[in-house]
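First the structure, in the form of structure tokens, and then the observations on it.
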Amino acid sequence: MTSYSHTIIPASESEPELKIDTLDIKKAAIILRAVNHKLRQIILKYIGEKGQVTVTEIFEHLLLEQAVASQQLAKLRRTGFVKTKREGKFIYYSVSRQRLLDLNQFVSNLLGQ
């Protein structure tokens, strides 16, 4: 079994040991990569402006192939940046404001702001 937790030995006795979980770091990187993509940023902006939209509205408005829009929405959904709601045969996408707030807080903390 692979261990994802590593301990960094302190340089001096006055410093505590530092535990690093590389699996959590990899998960965070996947989440950051999801929003560090120009097309997904455009899709998030469009959904945010409209409130909720279908994949058809997205690919027609952004002049994309349906498969491209669906693939990008799937990445945003898997990483929690968009939510879905089914109404009949339609699936509506909306922005997860809380997830974006959490991301902003994480990035601010990471950058020391």
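So you can find residues: chains in the structure tokens are A, B, ... in the order shown, residues in each start at 1, and ligands are numbered from 1 in order.
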When DSSP is applied to the backbone of this structure, which of chain A are assigned alpha helix (DSSP H)? Write them out as a ChimeraX atom specification.
/A:22-35,38-50,55-61,66-78,97-110
List every residue of chain A that DSSP, applied to the backbone of this structure, places in strand (DSSP E), and write the result as a list in words.
Ser5, His6, Thr7, Ile8, Leu18, Lys19, Ile20, Asp21, Val82, Lys83, Thr84, Lys85, Arg86, Glu87, Phe90, Ile91, Tyr92, Tyr93, Ser94 and Val95 of chain A
Using N, CA and C atoms, can you export the residues from the last selection as a PDB file, in the first residue's frame?
```pdb
ATOM      1  N   SER A   5       1.326  10.113   3.044  1.00  0.00           N
ATOM      2  CA  SER A   5       1.696  11.046   4.101  1.00  0.00           C
ATOM      3  C   SER A   5       3.198  10.972   4.330  1.00  0.00           C
ATOM      4  N   HIS A   6       3.812  12.135   4.351  1.00  0.00           N
ATOM      5  CA  HIS A   6       5.250  12.219   4.565  1.00  0.00           C
ATOM      6  C   HIS A   6       5.522  13.191   5.701  1.00  0.00           C
ATOM      7  N   THR A   7       6.547  12.881   6.465  1.00  0.00           N
ATOM      8  CA  THR A   7       6.936  13.753   7.565  1.00  0.00           C
ATOM      9  C   THR A   7       8.253  14.420   7.230  1.00  0.00           C
ATOM     10  N   ILE A   8       8.268  15.728   7.385  1.00  0.00           N
ATOM     11  CA  ILE A   8       9.487  16.508   7.187  1.00  0.00           C
ATOM     12  C   ILE A   8      10.108  16.726   8.562  1.00  0.00           C
ATOM     13  N   LEU A  18       6.653  18.414  10.352  1.00  0.00           N
ATOM     14  CA  LEU A  18       5.677  18.865   9.368  1.00  0.00           C
ATOM     15  C   LEU A  18       5.183  17.658   8.588  1.00  0.00           C
ATOM     16  N   LYS A  19       3.881  17.409   8.631  1.00  0.00           N
ATOM     17  CA  LYS A  19       3.300  16.292   7.890  1.00  0.00           C
ATOM     18  C   LYS A  19       2.685  16.828   6.599  1.00  0.00           C
ATOM     19  N   ILE A  20       3.013  16.172   5.497  1.00  0.00           N
ATOM     20  CA  ILE A  20       2.504  16.563   4.188  1.00  0.00           C
ATOM     21  C   ILE A  20       1.747  15.377   3.602  1.00  0.00           C
ATOM     22  N   ASP A  21       0.515  15.616   3.185  1.00  0.00           N
ATOM     23  CA  ASP A  21      -0.292  14.580   2.550  1.00  0.00           C
ATOM     24  C   ASP A  21      -0.297  14.842   1.044  1.00  0.00           C
ATOM     25  N   VAL A  82     -19.736  23.567 -10.674  1.00  0.00           N
ATOM     26  CA  VAL A  82     -21.107  23.719 -11.153  1.00  0.00           C
ATOM     27  C   VAL A  82     -21.974  22.638 -10.526  1.00  0.00           C
ATOM     28  N   LYS A  83     -23.240  23.000 -10.353  1.00  0.00           N
ATOM     29  CA  LYS A  83     -24.242  22.072  -9.829  1.00  0.00           C
ATOM     30  C   LYS A  83     -25.230  21.787 -10.953  1.00  0.00           C
ATOM     31  N   THR A  84     -25.917  20.660 -10.848  1.00  0.00           N
ATOM     32  CA  THR A  84     -26.916  20.312 -11.853  1.00  0.00           C
ATOM     33  C   THR A  84     -28.274  20.120 -11.201  1.00  0.00           C
ATOM     34  N   LYS A  85     -29.303  20.401 -12.010  1.00  0.00           N
ATOM     35  CA  LYS A  85     -30.685  20.175 -11.578  1.00  0.00           C
ATOM     36  C   LYS A  85     -31.452  19.673 -12.792  1.00  0.00           C
ATOM     37  N   ARG A  86     -32.101  18.532 -12.638  1.00  0.00           N
ATOM     38  CA  ARG A  86     -32.867  17.958 -13.742  1.00  0.00           C
ATOM     39  C   ARG A  86     -34.313  18.432 -13.657  1.00  0.00           C
ATOM     40  N   GLU A  87     -34.814  18.910 -14.805  1.00  0.00           N
ATOM     41  CA  GLU A  87     -36.227  19.268 -14.938  1.00  0.00           C
ATOM     42  C   GLU A  87     -36.728  18.605 -16.210  1.00  0.00           C
ATOM     43  N   PHE A  90     -34.408  17.999 -19.371  1.00  0.00           N
ATOM     44  CA  PHE A  90     -33.320  18.980 -19.380  1.00  0.00           C
ATOM     45  C   PHE A  90     -32.512  18.941 -18.091  1.00  0.00           C
ATOM     46  N   ILE A  91     -31.214  19.144 -18.235  1.00  0.00           N
ATOM     47  CA  ILE A  91     -30.327  19.296 -17.081  1.00  0.00           C
ATOM     48  C   ILE A  91     -29.839  20.733 -17.090  1.00  0.00           C
ATOM     49  N   TYR A  92     -30.087  21.419 -15.983  1.00  0.00           N
ATOM     50  CA  TYR A  92     -29.673  22.811 -15.856  1.00  0.00           C
ATOM     51  C   TYR A  92     -28.416  22.896 -15.003  1.00  0.00           C
ATOM     52  N   TYR A  93     -27.488  23.704 -15.462  1.00  0.00           N
ATOM     53  CA  TYR A  93     -26.223  23.920 -14.763  1.00  0.00           C
ATOM     54  C   TYR A  93     -26.248  25.284 -14.103  1.00  0.00           C
ATOM     55  N   SER A  94     -25.745  25.339 -12.874  1.00  0.00           N
ATOM     56  CA  SER A  94     -25.592  26.612 -12.169  1.00  0.00           C
ATOM     57  C   SER A  94     -24.242  26.599 -11.462  1.00  0.00           C
ATOM     58  N   VAL A  95     -23.754  27.793 -11.167  1.00  0.00           N
ATOM     59  CA  VAL A  95     -22.455  27.934 -10.514  1.00  0.00           C
ATOM     60  C   VAL A  95     -22.603  27.639  -9.030  1.00  0.00           C
TER      61      VAL A  95
END
```
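The environment of A:Val68 within 12 Å, counting only C-alpha atoms and disregarding residues fewer than 4 places along the same chain, consists of Leu39, Arg40, Ile43, Val55, Thr56, Ile58, Phe59, Glu60, Leu62, Leu63, Leu64, Gln72, Leu73, Ala74 and Lys75 of chain A.
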Selection to disk with C-alpha atoms, as a CSV table (one decimal), in the first residue's frame:
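Contents of the output file again08.csv:
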```
chain,number,residue,atom,x,y,z
A,39,LEU,CA,-12.7,27.8,-21.9
A,40,ARG,CA,-13.9,26.6,-18.5
A,43,ILE,CA,-18.3,28.8,-19.3
A,55,VAL,CA,-25.6,22.5,-22.2
A,56,THR,CA,-27.4,23.4,-25.4
A,58,ILE,CA,-23.8,27.0,-23.6
A,59,PHE,CA,-22.6,25.4,-26.9
A,60,GLU,CA,-24.9,27.6,-29.0
A,62,LEU,CA,-20.2,30.0,-27.2
A,63,LEU,CA,-20.2,28.4,-30.7
A,64,LEU,CA,-18.8,25.1,-29.4
A,72,GLN,CA,-15.8,20.9,-20.0
A,73,LEU,CA,-19.0,20.9,-17.9
A,74,ALA,CA,-18.2,17.4,-16.7
A,75,LYS,CA,-14.8,18.6,-15.4
```
Close residues, A:Val107 itself excluded, 12 Å, only C-alpha atoms, min 5 positions apart in chain, as an MDAnalysis selection string:
chainID A and resid 28:29 31:32 100:102 112:113
Go ahead and dump the residues you just picked, N, CA and C atoms, as a PDB file, in the first residue's frame.
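part_2.pdb, freshly written:
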```pdb
ATOM      1  N   ALA A  28      -5.962  18.903  -4.691  1.00  0.00           N
ATOM      2  CA  ALA A  28      -6.031  20.365  -4.802  1.00  0.00           C
ATOM      3  C   ALA A  28      -5.546  20.819  -6.176  1.00  0.00           C
ATOM      4  N   ALA A  29      -4.516  20.178  -6.696  1.00  0.00           N
ATOM      5  CA  ALA A  29      -3.994  20.540  -8.020  1.00  0.00           C
ATOM      6  C   ALA A  29      -5.033  20.278  -9.109  1.00  0.00           C
ATOM      7  N   ILE A  31      -8.264  20.362  -8.729  1.00  0.00           N
ATOM      8  CA  ILE A  31      -9.281  21.401  -8.575  1.00  0.00           C
ATOM      9  C   ILE A  31      -8.797  22.721  -9.168  1.00  0.00           C
ATOM     10  N   LEU A  32      -7.556  23.087  -8.884  1.00  0.00           N
ATOM     11  CA  LEU A  32      -7.015  24.335  -9.427  1.00  0.00           C
ATOM     12  C   LEU A  32      -6.907  24.278 -10.951  1.00  0.00           C
ATOM     13  N   LEU A 100     -16.718  28.464  -5.250  1.00  0.00           N
ATOM     14  CA  LEU A 100     -15.866  29.556  -5.720  1.00  0.00           C
ATOM     15  C   LEU A 100     -15.383  30.421  -4.561  1.00  0.00           C
ATOM     16  N   LEU A 101     -16.244  30.636  -3.570  1.00  0.00           N
ATOM     17  CA  LEU A 101     -15.815  31.376  -2.377  1.00  0.00           C
ATOM     18  C   LEU A 101     -14.709  30.616  -1.652  1.00  0.00           C
ATOM     19  N   ASP A 102     -14.887  29.295  -1.526  1.00  0.00           N
ATOM     20  CA  ASP A 102     -13.855  28.466  -0.890  1.00  0.00           C
ATOM     21  C   ASP A 102     -12.541  28.541  -1.669  1.00  0.00           C
ATOM     22  N   GLY A 112      -0.859  34.376   0.878  1.00  0.00           N
ATOM     23  CA  GLY A 112      -0.572  35.189   2.056  1.00  0.00           C
ATOM     24  C   GLY A 112      -1.267  36.532   2.053  1.00  0.00           C
ATOM     25  N   GLN A 113      -2.452  36.590   1.495  1.00  0.00           N
ATOM     26  CA  GLN A 113      -3.195  37.855   1.422  1.00  0.00           C
ATOM     27  C   GLN A 113      -4.253  37.935   2.492  1.00  0.00           C
TER      28      GLN A 113
END
```
Using only C-alpha atoms, which residues sit within 10 Å of stretch 33-38 of chain A once same-chain residues fewer than 6 positions away are excluded, as a PyMOL selection string?
chain A and resi 27+44+72+75-81+100+103
Restricted to N, CA and C atoms, what would the selected residues look like written as an mmCIF file, in the first residue's frame?
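selection27.cif written:
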```
data_model
loop_
_atom_site.group_PDB
_atom_site.id
_atom_site.type_symbol
_atom_site.label_atom_id
_atom_site.label_comp_id
_atom_site.auth_asym_id
_atom_site.auth_seq_id
_atom_site.Cartn_x
_atom_site.Cartn_y
_atom_site.Cartn_z
ATOM 1 N N LYS A 27 -5.105 16.268 -5.155
ATOM 2 C CA LYS A 27 -6.524 16.619 -5.306
ATOM 3 C C LYS A 27 -6.688 18.124 -5.480
ATOM 4 N N LEU A 44 -17.913 29.210 -16.954
ATOM 5 C CA LEU A 44 -18.336 29.617 -15.609
ATOM 6 C C LEU A 44 -18.902 31.033 -15.615
ATOM 7 N N GLN A 72 -16.254 19.860 -20.888
ATOM 8 C CA GLN A 72 -15.805 20.904 -19.969
ATOM 9 C C GLN A 72 -16.743 21.014 -18.766
ATOM 10 N N LYS A 75 -15.947 18.302 -16.217
ATOM 11 C CA LYS A 75 -14.802 18.622 -15.354
ATOM 12 C C LYS A 75 -15.201 19.620 -14.277
ATOM 13 N N LEU A 76 -15.993 20.604 -14.649
ATOM 14 C CA LEU A 76 -16.446 21.589 -13.662
ATOM 15 C C LEU A 76 -17.376 20.945 -12.631
ATOM 16 N N ARG A 77 -18.192 20.002 -13.071
ATOM 17 C CA ARG A 77 -19.104 19.309 -12.153
ATOM 18 C C ARG A 77 -18.326 18.393 -11.204
ATOM 19 N N ARG A 78 -17.361 17.634 -11.730
ATOM 20 C CA ARG A 78 -16.574 16.723 -10.887
ATOM 21 C C ARG A 78 -15.776 17.466 -9.822
ATOM 22 N N THR A 79 -15.369 18.673 -10.123
ATOM 23 C CA THR A 79 -14.592 19.453 -9.157
ATOM 24 C C THR A 79 -15.469 20.382 -8.321
ATOM 25 N N GLY A 80 -16.775 20.295 -8.509
ATOM 26 C CA GLY A 80 -17.718 21.003 -7.645
ATOM 27 C C GLY A 80 -17.994 22.451 -7.999
ATOM 28 N N PHE A 81 -17.533 22.921 -9.157
ATOM 29 C CA PHE A 81 -17.737 24.326 -9.510
ATOM 30 C C PHE A 81 -19.092 24.595 -10.145
ATOM 31 N N LEU A 100 -16.718 28.464 -5.250
ATOM 32 C CA LEU A 100 -15.866 29.556 -5.720
ATOM 33 C C LEU A 100 -15.383 30.421 -4.561
ATOM 34 N N LEU A 103 -12.631 28.510 -2.994
ATOM 35 C CA LEU A 103 -11.436 28.606 -3.831
ATOM 36 C C LEU A 103 -10.741 29.948 -3.622
#
```
When you count only C-alpha atoms, which of these residues is closest to A:Ser96: A:Ile42, A:Ala11, A:Ile47, A:Leu110?
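Of A:Ile42, A:Ala11, A:Ile47, A:Leu110, the one nearest A:Ser96 is A:Ile47, counting only C-alpha atoms.
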How far is it from atom CA of A:Arg99 to atom CA of A:Gln41, in Å with one decimal?
14.1 Å
